[in-house]
Every structure is written in C-alpha cells, then in structure tokens.
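Student: File follows, input_3.txt with compact mmCIF, C-alpha atoms:
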# COMPACT_ATOMS: atom_id res chain seq x y z
CA TYR A 17 38.27 86.11 125.73
CA ASP A 18 40.84 88.94 125.89
CA SER A 19 39.85 89.73 122.30
CA PRO A 20 36.91 92.18 122.32
CA PHE A 21 35.62 90.53 119.14
CA VAL A 22 35.63 87.02 120.58
CA ARG A 23 34.18 88.28 123.84
CA ARG A 24 31.36 90.05 122.05
CA VAL A 25 30.31 86.89 120.18
CA ALA A 26 30.54 84.71 123.30
CA ILE A 27 28.45 87.14 125.37
CA ALA A 28 25.84 87.29 122.62
CA MET A 29 25.63 83.50 122.62
CA ARG A 30 25.17 83.49 126.39
CA LEU A 31 22.44 86.13 126.11
CA TYR A 32 20.74 83.99 123.48
CA GLY A 33 21.12 80.88 125.66
CA MET A 34 23.09 79.10 122.94
CA PRO A 35 25.58 76.54 124.30
CA PHE A 36 29.06 76.47 122.83
CA GLU A 37 32.53 75.02 123.33
CA HIS A 38 35.26 77.63 123.68
CA ARG A 39 38.75 76.86 122.43
CA PRO A 40 41.16 79.53 123.71
CA TRP A 41 43.50 79.51 120.71
CA SER A 42 45.87 82.39 120.09
CA VAL A 43 46.27 83.88 116.62
CA PHE A 44 50.00 84.04 117.37
CA GLY A 45 50.49 80.85 119.37
CA ASP A 46 48.03 78.54 117.58
CA PRO A 47 47.70 79.81 114.00
CA GLU A 48 47.81 76.32 112.46
CA LYS A 49 44.83 75.23 114.57
CA ILE A 50 42.78 78.26 113.55
CA ALA A 51 43.79 77.84 109.89
CA GLN A 52 41.89 74.54 109.77
CA TYR A 53 38.69 76.58 109.97
CA ASN A 54 39.70 80.08 108.88
CA PRO A 55 42.52 80.61 106.33
CA LEU A 56 42.91 84.18 107.60
CA MET A 57 43.92 82.69 110.98
CA ARG A 58 41.77 85.25 112.77
CA VAL A 59 39.30 85.15 115.61
CA PRO A 60 36.45 84.91 116.25
CA THR A 61 35.75 81.85 114.16
CA LEU A 62 32.56 79.93 114.94
CA VAL A 63 32.16 76.33 113.83
CA LEU A 64 28.55 75.19 113.69
CA ASN A 65 27.38 71.67 114.49
CA THR A 66 27.13 71.11 110.73
CA GLY A 67 30.86 71.75 110.38
CA GLU A 68 30.30 75.08 108.63
CA ALA A 69 32.79 77.70 109.80
CA LEU A 70 31.63 81.30 110.17
CA ILE A 71 34.20 84.10 110.19
CA GLU A 72 34.15 87.83 111.03
CA THR A 73 32.18 89.21 113.93
CA PHE A 74 29.35 90.83 111.97
CA ALA A 75 28.76 87.71 109.86
CA ILE A 76 28.77 85.46 112.93
CA LEU A 77 26.31 87.66 114.83
CA ASP A 78 24.06 87.93 111.77
CA ALA A 79 23.88 84.14 111.66
CA LEU A 80 23.18 83.93 115.39
CA ASP A 81 20.39 86.52 115.02
CA GLN A 82 18.76 84.25 112.45
CA LEU A 83 19.03 81.28 114.80
CA ALA A 84 17.51 83.21 117.71
CA PRO A 85 13.85 82.72 118.65
CA PRO A 86 11.47 84.96 116.66
CA GLY A 87 11.34 88.49 118.00
CA LEU A 88 14.29 88.03 120.36
CA ALA A 89 17.15 89.15 118.11
CA LEU A 90 19.59 91.49 119.83
CA ILE A 91 19.14 94.18 117.18
CA PRO A 92 16.11 96.06 115.80
CA ALA A 93 14.49 94.25 112.88
CA GLY A 94 14.64 97.14 110.43
CA GLY A 95 14.28 100.83 109.68
CA ALA A 96 16.09 103.78 111.24
CA GLU A 97 16.56 102.00 114.59
CA ARG A 98 18.39 99.12 112.92
CA ARG A 99 20.59 101.48 110.92
CA GLU A 100 21.48 103.42 114.06
CA ALA A 101 22.21 100.22 115.98
CA MET A 102 24.45 99.01 113.17
CA LYS A 103 26.25 102.37 113.24
CA VAL A 104 26.87 102.09 116.98
CA CYS A 105 28.21 98.57 116.51
CA ALA A 106 30.42 99.69 113.62
CA LEU A 107 31.88 102.56 115.65
CA ALA A 108 32.59 100.26 118.59
CA THR A 109 34.21 97.71 116.28
CA GLY A 110 36.30 100.37 114.58
CA LEU A 111 37.39 101.67 117.97
CA CYS A 112 38.57 98.18 118.86
CA ASP A 113 40.46 97.91 115.56
CA LYS A 114 42.34 101.10 116.35
CA ALA A 115 43.06 100.03 119.92
CA VAL A 116 44.47 96.74 118.60
CA SER A 117 46.56 98.67 116.06
CA LEU A 118 48.11 100.66 118.89
CA VAL A 119 49.01 97.42 120.67
CA TYR A 120 50.66 96.02 117.54
CA GLU A 121 52.51 99.25 116.82
CA GLY A 122 54.14 99.49 120.21
CA ALA A 123 54.18 96.25 122.16
CA VAL A 124 54.24 93.70 119.32
CA HIS A 125 56.24 95.34 116.54
CA LYS A 126 58.43 97.19 119.04
CA ARG A 127 58.13 100.50 117.24
CA GLU A 128 56.01 103.61 117.43
CA THR A 129 55.44 105.90 114.48
CA GLN A 130 54.18 109.03 116.20
CA SER A 131 51.98 110.15 113.32
CA TRP A 132 50.28 106.73 113.27
CA VAL A 133 49.87 106.70 117.04
CA ASP A 134 48.38 110.19 117.00
CA ARG A 135 45.98 109.22 114.22
CA CYS A 136 44.78 106.12 116.07
CA ARG A 137 44.30 108.05 119.29
CA SER A 138 42.35 110.74 117.44
CA GLN A 139 40.13 108.13 115.78
CA ILE A 140 39.45 106.42 119.09
CA ALA A 141 38.59 109.70 120.81
CA GLY A 142 36.34 110.64 117.91
CA CYS A 143 34.45 107.35 118.13
CA LEU A 144 34.03 107.74 121.88
CA SER A 145 32.61 111.24 121.47
CA VAL A 146 30.10 110.19 118.81
CA LEU A 147 29.04 107.22 120.93
CA GLU A 148 28.71 109.44 124.01
CA ARG A 149 26.35 111.75 122.12
CA SER A 150 24.36 108.80 120.82
CA ARG A 151 23.93 107.42 124.34
CA ALA A 152 22.97 110.85 125.65
CA ALA A 153 20.12 110.96 123.14
CA ARG A 154 18.65 107.77 124.62
CA THR A 155 16.57 107.70 127.80
CA THR A 156 16.00 103.93 127.89
CA GLN A 157 17.85 101.53 130.17
CA TRP A 158 19.70 100.03 127.25
CA TRP A 159 20.73 101.72 124.02
CA PHE A 160 17.66 100.73 122.02
CA GLY A 161 15.03 99.93 124.60
CA ALA A 162 14.33 97.92 127.73
CA SER A 163 16.40 94.93 126.63
CA ILE A 164 20.14 94.64 126.07
CA GLY A 165 21.27 94.37 122.46
CA HIS A 166 24.31 94.07 120.23
CA ALA A 167 25.04 97.78 120.47
CA ASP A 168 25.27 97.59 124.25
CA VAL A 169 27.55 94.57 124.14
CA ALA A 170 29.77 95.99 121.41
CA VAL A 171 30.35 99.27 123.22
CA ALA A 172 30.95 97.62 126.60
CA CYS A 173 33.48 95.19 125.12
CA ALA A 174 35.22 98.08 123.37
CA VAL A 175 35.44 100.18 126.54
CA ARG A 176 36.75 97.23 128.56
CA PHE A 177 39.40 96.38 125.97
CA LEU A 178 40.50 100.00 125.65
CA GLY A 179 41.00 100.25 129.38
CA ASP A 180 42.81 96.91 129.63
CA ALA A 181 45.07 97.38 126.60
CA HIS A 182 45.84 101.08 127.17
CA PRO A 183 45.37 101.83 130.86
CA GLY A 184 45.34 105.53 131.63
CA LEU A 185 45.40 106.61 127.98
CA PHE A 186 41.72 107.60 127.93
CA ASP A 187 39.94 108.84 131.06
CA MET A 188 36.45 107.48 130.45
CA SER A 189 34.83 108.87 133.58
CA GLU A 190 36.11 112.36 132.81
CA GLY A 191 35.71 112.52 129.05
CA TRP A 192 32.88 110.10 128.33
CA PRO A 193 30.95 109.50 131.57
CA LEU A 194 27.82 108.05 129.96
CA LEU A 195 29.86 105.40 128.17
CA ALA A 196 31.70 104.63 131.39
CA ALA A 197 28.42 104.16 133.24
CA HIS A 198 26.97 102.12 130.40
CA ALA A 199 29.98 99.80 130.32
CA ALA A 200 29.85 99.39 134.11
CA ALA A 201 26.17 98.38 133.91
CA CYS A 202 27.01 95.76 131.29
CA GLU A 203 30.01 94.43 133.20
CA SER A 204 27.80 93.83 136.23
CA LEU A 205 25.72 91.27 134.33
CA PRO A 206 26.50 87.56 134.87
CA GLN A 207 27.17 86.97 131.17
CA PHE A 208 29.88 89.62 131.18
CA GLN A 209 31.28 88.37 134.48
CA GLU A 210 31.60 84.86 133.07
CA ILE A 211 33.03 85.83 129.69
CA GLN A 212 36.13 87.85 130.51
CA GLN A 213 39.89 87.50 130.55
CA ALA A 214 42.71 89.81 131.47
CA PHE A 215 44.45 91.24 128.41
CA LYS A 216 48.13 90.60 127.86
CA VAL A 217 50.37 91.06 124.85
CA SER A 218 51.90 87.99 123.20
CA PRO A 219 54.91 88.69 120.98
CA LEU A 220 54.74 87.58 117.36
CA GLY A 221 55.58 83.89 117.12
CA ALA A 222 54.99 83.27 120.82
Show me this structure written as structure tokens.
Tutor:
Amino acid sequence: YDSPFVRRVAIAMRLYGMPFEHRPWSVFGDPEKIAQYNPLMRVPTLVLNTGEALIETFAILDALDQLAPPGLALIPAGGAERREAMKVCALATGLCDKAVSLVYEGAVHKRETQSWVDRCRSQIAGCLSVLERSRAARTTQWWFGASIGHADVAVACAVRFLGDAHPGLFDMSEGWPLLAAHAAACESLPQFQEIQQAFKVSPLGA
C-alpha cells in the first residue's frame, strides 16, 4: 500500500464495499509473481474472480465503476463534471508519476541529473497549484458534491505519497493549504486509515 496507485484502488474498493485479497508483492522483490498476471510487472494489478487480470489504475477503476451499484459510482456519470473529475484524477496521477521518478532518480538509481530533478519538481508544483485552484472553486464538502469520489481519493493519495517519499520538499500547508486540508479530511476516514503503509525505498533487485 505504499504505492499511491495501489492505495487508490484499494481505498476505492473499500468505499464500494467490494471485498478483496491483498497480496503485498513488490515490483522489485517479486517481479516473477506479478508477471503471471501482468507482463509489465507493474502494480496495481487486479485479478477478478473470473481469472481476468486488469492492469493500470484508470482501467481498473473504470471496471470497478461498472460493477458498482447503479448511481453510486465514485465519478460523475457524464458531461463537464465528469471531464473535470477526470482532469483532477489525471493531474493527481501525473503528480505521483513525477514523485516516483524523483525517487528512482536519486534513491534507486543513485544519481541525480539536476535538470531532470528541477523539471520534475516544477511539474509537481504546477500540478499542485492547478489542483489548489480547482479545489478553491468548489464549495462542497468533497470535490464534486456531498459524497467522496475518485478525485478526492486520487488527490489525497498523491499528497500523502509526496509527503512520505519527499519529506520537506513541498510545504503543503504553506503553498497549497486547501489541498493539505482536503488530504487531512480524507486521511481521517476509516478506509484511508486501514489502507496505508509507510513508504520506503527498495533498491533495484532487492
């Protein structure tokens, strides 16, 4: 659960009330196990009761949305609200990608190309600022209404991972206070409390 992508899927399943078995396999430590279901050896990978393996976060959540009870999907059904929710999710996911890239660049590959580091940091800060403005434009308890949705989960998981993987690099309370408050509200929920794990770097091949 130290992967923000895995955590996001697991929290969504808890919010949907869908039972699942979690196998805490590492993409570095257990690649051969993951490869049985996903040749890319990436997580999250969700294996359905039918044996069908779903890969990539967006595809997995899309399938879960279709399995959810009618009217209870964690994303607007269509129109401008759905497009905006998808944009928020995409920004949060991209933020996570860049935060992971920074981990690989320094702690895993044991190198730091300053131009690459600066670019990743700039992209992360840019995503945070756009998300902060998007949240400021909303007066509802959650991003898109009275109920929590994928956008809320995606952003909270991204903020948590950013803080865990790069402590002190981005001052959320100072630079992006609405996102900090939003993430704190999510983290107080039982589903977030249950689905969490401290982040630590595993060297390649470990």
Student: With distances taken over only C-alpha atoms, which residue among A:Tyr120, A:Trp41, A:Phe208, A:Trp158 lies nearest Met29 in chain A?
Tutor: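 Once distances to Met29 in chain A are computed over only C-alpha atoms, the minimum belongs to A:Phe208.
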Student: Which one of A:Gln207, A:Gly191, A:Lys49, A:Glu148 sits closest to Cys173 in chain A if you count all atoms listed in the file?
Tutor: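 Of A:Gln207, A:Gly191, A:Lys49, A:Glu148, the one nearest Cys173 in chain A is A:Gln207, counting all atoms listed in the file.
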Student: So that I can check the surroundings of Leu205 in chain A, please list as a list of chain:residue names every protein, DNA and RNA residue that reaches within 12 Å of it, counting all atoms listed in the file and ignoring chain neighbours fewer than 2 positions away.
Tutor: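 What passes the distance filter is A:Ile27, A:Arg30, A:Leu31, A:Ile164, A:Asp168, A:Val169, A:Ala172, A:His198, A:Ala199, A:Ala200, A:Ala201, A:Cys202, A:Glu203, A:Gln207, A:Phe208, A:Gln209, A:Glu210, A:Ile211, A:Gln212.
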Student: For the residues in that selection, give me C-alpha atoms as a PDB file, in the coordinates of the input.
Tutor:
ATOM      1  CA  ILE A  27      28.450  87.140 125.370  1.00  0.00           C
ATOM      2  CA  ARG A  30      25.170  83.490 126.390  1.00  0.00           C
ATOM      3  CA  LEU A  31      22.440  86.130 126.110  1.00  0.00           C
ATOM      4  CA  ILE A 164      20.140  94.640 126.070  1.00  0.00           C
ATOM      5  CA  ASP A 168      25.270  97.590 124.250  1.00  0.00           C
ATOM      6  CA  VAL A 169      27.550  94.570 124.140  1.00  0.00           C
ATOM      7  CA  ALA A 172      30.950  97.620 126.600  1.00  0.00           C
ATOM      8  CA  HIS A 198      26.970 102.120 130.400  1.00  0.00           C
ATOM      9  CA  ALA A 199      29.980  99.800 130.320  1.00  0.00           C
ATOM     10  CA  ALA A 200      29.850  99.390 134.110  1.00  0.00           C
ATOM     11  CA  ALA A 201      26.170  98.380 133.910  1.00  0.00           C
ATOM     12  CA  CYS A 202      27.010  95.760 131.290  1.00  0.00           C
ATOM     13  CA  GLU A 203      30.010  94.430 133.200  1.00  0.00           C
ATOM     14  CA  GLN A 207      27.170  86.970 131.170  1.00  0.00           C
ATOM     15  CA  PHE A 208      29.880  89.620 131.180  1.00  0.00           C
ATOM     16  CA  GLN A 209      31.280  88.370 134.480  1.00  0.00           C
ATOM     17  CA  GLU A 210      31.600  84.860 133.070  1.00  0.00           C
ATOM     18  CA  ILE A 211      33.030  85.830 129.690  1.00  0.00           C
ATOM     19  CA  GLN A 212      36.130  87.850 130.510  1.00  0.00           C
TER      20      GLN A 212
END
Student: How far is it from CA of Pro60 in chain A to CA of Arg23 in chain A, in Å with one decimal?
Tutor: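 A separation of 8.6 Å between them.
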Student: Of the residues A:Ala51, A:Ala84, A:Val63, A:Leu111, which is the one nearest to Phe177 in chain A, using all atoms listed in the file?
Tutor: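 Using all atoms listed in the file, the shortest distance to Phe177 in chain A belongs to A:Leu111.
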Student: For Arg151 in chain A, please output as a short mmCIF file (atom, residue, chain, number, x, y, z; two decimals) with C-alpha atoms, keeping the file's coordinate frame all residues within 8 Å (counting all atoms listed in the file; exclusion window: fewer than 5 positions along the same chain).
Tutor:
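Result file follows (around.cif):
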data_model
loop_
_atom_site.label_atom_id
_atom_site.label_comp_id
_atom_site.auth_asym_id
_atom_site.auth_seq_id
_atom_site.Cartn_x
_atom_site.Cartn_y
_atom_site.Cartn_z
CA TRP A 159 20.73 101.72 124.02
CA LEU A 194 27.82 108.05 129.96
CA LEU A 195 29.86 105.40 128.17
#
Student: Would you please work out which residue, of A:Asn65, A:Gln157, A:Tyr32, A:Lys114, is nearest to Gln82 in chain A when using all atoms listed in the file?
Tutor: A:Tyr32
Student: Within 12 Å of Gly67 in chain A, counting all atoms listed in the file, which residues qualify if same-chain residues fewer than 6 places away don't, as a PDB file with C-alpha atoms, in the coordinates of the input?
Tutor:
ATOM      1  CA  GLN A  52      41.890  74.540 109.770  1.00  0.00           C
ATOM      2  CA  TYR A  53      38.690  76.580 109.970  1.00  0.00           C
ATOM      3  CA  THR A  61      35.750  81.850 114.160  1.00  0.00           C
TER       4      THR A  61
END
Student: Report the distance between CA of Pro20 in chain A and CA of Cys112 in chain A in Å, rounded to one decimal place.
Tutor: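 If I compute the distance from CA of Pro20 in chain A to CA of Cys112 in chain A, I get 7.1 Å.
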Student: At what distance in Å, to one decimal, does CA of Phe215 in chain A lie from CA of Leu70 in chain A?
Tutor: 24.4 Å
Student: Is it possible to get the axis-aligned box enclosing range 154-169 of chain A (all listed atoms, 8 Å extra per side) as AutoDock Vina command-line options, with centre and edge lengths in Å rounded to one decimal?
Tutor:
--center_x 20.9 --center_y 100.9 --center_z 125.2 --size_x 29.2 --size_y 29.7 --size_z 25.9
Student: Taking (32.6, 75.9, 123.4) in the file's coordinates, which residues come within 10 Å, counting only C-alpha atoms, written as number ranges by chain?
Tutor: A: 26, 35-40, 62-63
Student: Which of these residues is nearest to Gln213 in chain A, using only C-alpha atoms: A:Cys105, A:Gly165, A:Val22, A:Arg137?
Tutor: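 Closest candidate: A:Val22.
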Student: Which residues are close to Met188 in chain A, i.e. within 12 Å by all atoms listed in the file, leaving aside same-chain residues fewer than 2 positions away? Reply as a list in words.
Tutor: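 Everything that qualifies: Ile140, Ala141, Leu144, Ser145, Glu148, Ala172, Ala174, Val175, Arg176, Leu178, Gly179, His182, Pro183, Gly184, Leu185, Phe186, Glu190, Gly191, Trp192, Pro193, Leu194, Leu195, Ala196, Ala197, His198, Ala199 and Ala200 of chain A.
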Student: Ranking A:Ser131, A:Asp180, A:Phe21, A:Leu77 by minimum distance to Ala89 in chain A and counting all atoms listed in the file, which one comes first?
Tutor: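 Closest to Ala89 in chain A, using all atoms listed in the file: A:Leu77.
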Student: Find the residues around Leu107 in chain A up to 10 Å (all atoms listed in the file counted), leave out those fewer than 6 positions away in its own chain, and share them as a list in words.
Tutor: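 Those residues are Ala101, Asp113, Gln139, Ile140, Gly142, Cys143, Leu144, Val146, Leu147, Ala167, Ala170, Val171 and Ala174 of chain A.
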Student: Could you write out the selected residues, including C-alpha atoms, as a CSV table (one decimal), in the frame of the given file?
Tutor:
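Below you can see result.csv, which holds the result:
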chain,number,residue,atom,x,y,z
A,101,ALA,CA,22.2,100.2,116.0
A,113,ASP,CA,40.5,97.9,115.6
A,139,GLN,CA,40.1,108.1,115.8
A,140,ILE,CA,39.4,106.4,119.1
A,142,GLY,CA,36.3,110.6,117.9
A,143,CYS,CA,34.4,107.4,118.1
A,144,LEU,CA,34.0,107.7,121.9
A,146,VAL,CA,30.1,110.2,118.8
A,147,LEU,CA,29.0,107.2,120.9
A,167,ALA,CA,25.0,97.8,120.5
A,170,ALA,CA,29.8,96.0,121.4
A,171,VAL,CA,30.4,99.3,123.2
A,174,ALA,CA,35.2,98.1,123.4
Student: Just save range 102-138 of chain A with N, CA and C atoms, as a compact mmCIF listing (two decimals), in the first residue's frame.
Tutor:
# COMPACT_ATOMS: atom_id res chain seq x y z
N MET A 102 -12.17 13.81 -14.24
CA MET A 102 -11.11 13.04 -14.89
C MET A 102 -9.82 13.85 -14.96
N LYS A 103 -9.96 15.16 -15.16
CA LYS A 103 -8.78 16.02 -15.20
C LYS A 103 -8.09 16.06 -13.84
N VAL A 104 -8.88 16.20 -12.78
CA VAL A 104 -8.30 16.20 -11.43
C VAL A 104 -7.57 14.88 -11.17
N CYS A 105 -8.20 13.78 -11.53
CA CYS A 105 -7.57 12.47 -11.34
C CYS A 105 -6.28 12.35 -12.15
N ALA A 106 -6.31 12.85 -13.39
CA ALA A 106 -5.13 12.78 -14.25
C ALA A 106 -3.98 13.61 -13.69
N LEU A 107 -4.30 14.79 -13.17
CA LEU A 107 -3.26 15.63 -12.57
C LEU A 107 -2.66 14.96 -11.34
N ALA A 108 -3.51 14.38 -10.50
CA ALA A 108 -3.02 13.70 -9.30
C ALA A 108 -2.15 12.50 -9.68
N THR A 109 -2.57 11.76 -10.70
CA THR A 109 -1.80 10.61 -11.15
C THR A 109 -0.46 11.05 -11.74
N GLY A 110 -0.49 12.11 -12.55
CA GLY A 110 0.76 12.62 -13.11
C GLY A 110 1.71 13.12 -12.04
N LEU A 111 1.16 13.75 -11.02
CA LEU A 111 1.96 14.20 -9.88
C LEU A 111 2.67 13.02 -9.24
N CYS A 112 1.92 11.93 -9.05
CA CYS A 112 2.52 10.72 -8.46
C CYS A 112 3.62 10.16 -9.35
N ASP A 113 3.39 10.16 -10.66
CA ASP A 113 4.41 9.67 -11.60
C ASP A 113 5.71 10.45 -11.42
N LYS A 114 5.59 11.76 -11.31
CA LYS A 114 6.78 12.59 -11.17
C LYS A 114 7.45 12.39 -9.81
N ALA A 115 6.65 12.20 -8.77
CA ALA A 115 7.22 11.94 -7.45
C ALA A 115 7.96 10.61 -7.43
N VAL A 116 7.41 9.61 -8.12
CA VAL A 116 8.08 8.31 -8.23
C VAL A 116 9.38 8.46 -9.03
N SER A 117 9.34 9.26 -10.10
CA SER A 117 10.54 9.48 -10.91
C SER A 117 11.67 10.08 -10.08
N LEU A 118 11.32 10.98 -9.18
CA LEU A 118 12.33 11.57 -8.31
C LEU A 118 12.93 10.54 -7.37
N VAL A 119 12.10 9.61 -6.90
CA VAL A 119 12.63 8.53 -6.05
C VAL A 119 13.60 7.68 -6.84
N TYR A 120 13.21 7.28 -8.04
CA TYR A 120 14.08 6.44 -8.87
C TYR A 120 15.40 7.14 -9.20
N GLU A 121 15.29 8.43 -9.53
CA GLU A 121 16.48 9.18 -9.94
C GLU A 121 17.53 9.24 -8.84
N GLY A 122 17.09 9.47 -7.63
CA GLY A 122 18.04 9.63 -6.54
C GLY A 122 18.31 8.37 -5.75
N ALA A 123 17.28 7.84 -5.12
CA ALA A 123 17.48 6.75 -4.16
C ALA A 123 17.69 5.40 -4.82
N VAL A 124 17.07 5.16 -5.98
CA VAL A 124 17.17 3.84 -6.62
C VAL A 124 18.35 3.77 -7.58
N HIS A 125 18.42 4.73 -8.51
CA HIS A 125 19.49 4.71 -9.50
C HIS A 125 20.79 5.31 -8.98
N LYS A 126 20.72 5.93 -7.80
CA LYS A 126 21.91 6.51 -7.17
C LYS A 126 22.55 7.58 -8.06
N ARG A 127 21.71 8.43 -8.63
CA ARG A 127 22.21 9.54 -9.43
C ARG A 127 21.17 10.64 -9.37
N GLU A 128 21.60 11.83 -9.68
CA GLU A 128 20.65 12.94 -9.77
C GLU A 128 21.10 13.87 -10.90
N THR A 129 20.33 13.88 -11.95
CA THR A 129 20.56 14.84 -13.04
C THR A 129 19.76 16.09 -12.69
N GLN A 130 20.46 17.18 -12.40
CA GLN A 130 19.80 18.35 -11.84
C GLN A 130 18.69 18.89 -12.74
N SER A 131 18.92 18.88 -14.05
CA SER A 131 17.89 19.39 -14.95
C SER A 131 16.63 18.55 -14.88
N TRP A 132 16.79 17.23 -14.71
CA TRP A 132 15.64 16.33 -14.60
C TRP A 132 14.94 16.53 -13.27
N VAL A 133 15.71 16.67 -12.21
CA VAL A 133 15.14 16.91 -10.89
C VAL A 133 14.36 18.21 -10.89
N ASP A 134 14.94 19.26 -11.45
CA ASP A 134 14.26 20.56 -11.49
C ASP A 134 12.97 20.47 -12.30
N ARG A 135 13.00 19.73 -13.39
CA ARG A 135 11.80 19.60 -14.22
C ARG A 135 10.70 18.88 -13.45
N CYS A 136 11.05 17.79 -12.79
CA CYS A 136 10.05 17.04 -12.02
C CYS A 136 9.46 17.89 -10.91
N ARG A 137 10.31 18.61 -10.20
CA ARG A 137 9.83 19.48 -9.12
C ARG A 137 8.89 20.56 -9.66
N SER A 138 9.24 21.12 -10.82
CA SER A 138 8.40 22.15 -11.42
C SER A 138 7.06 21.58 -11.84
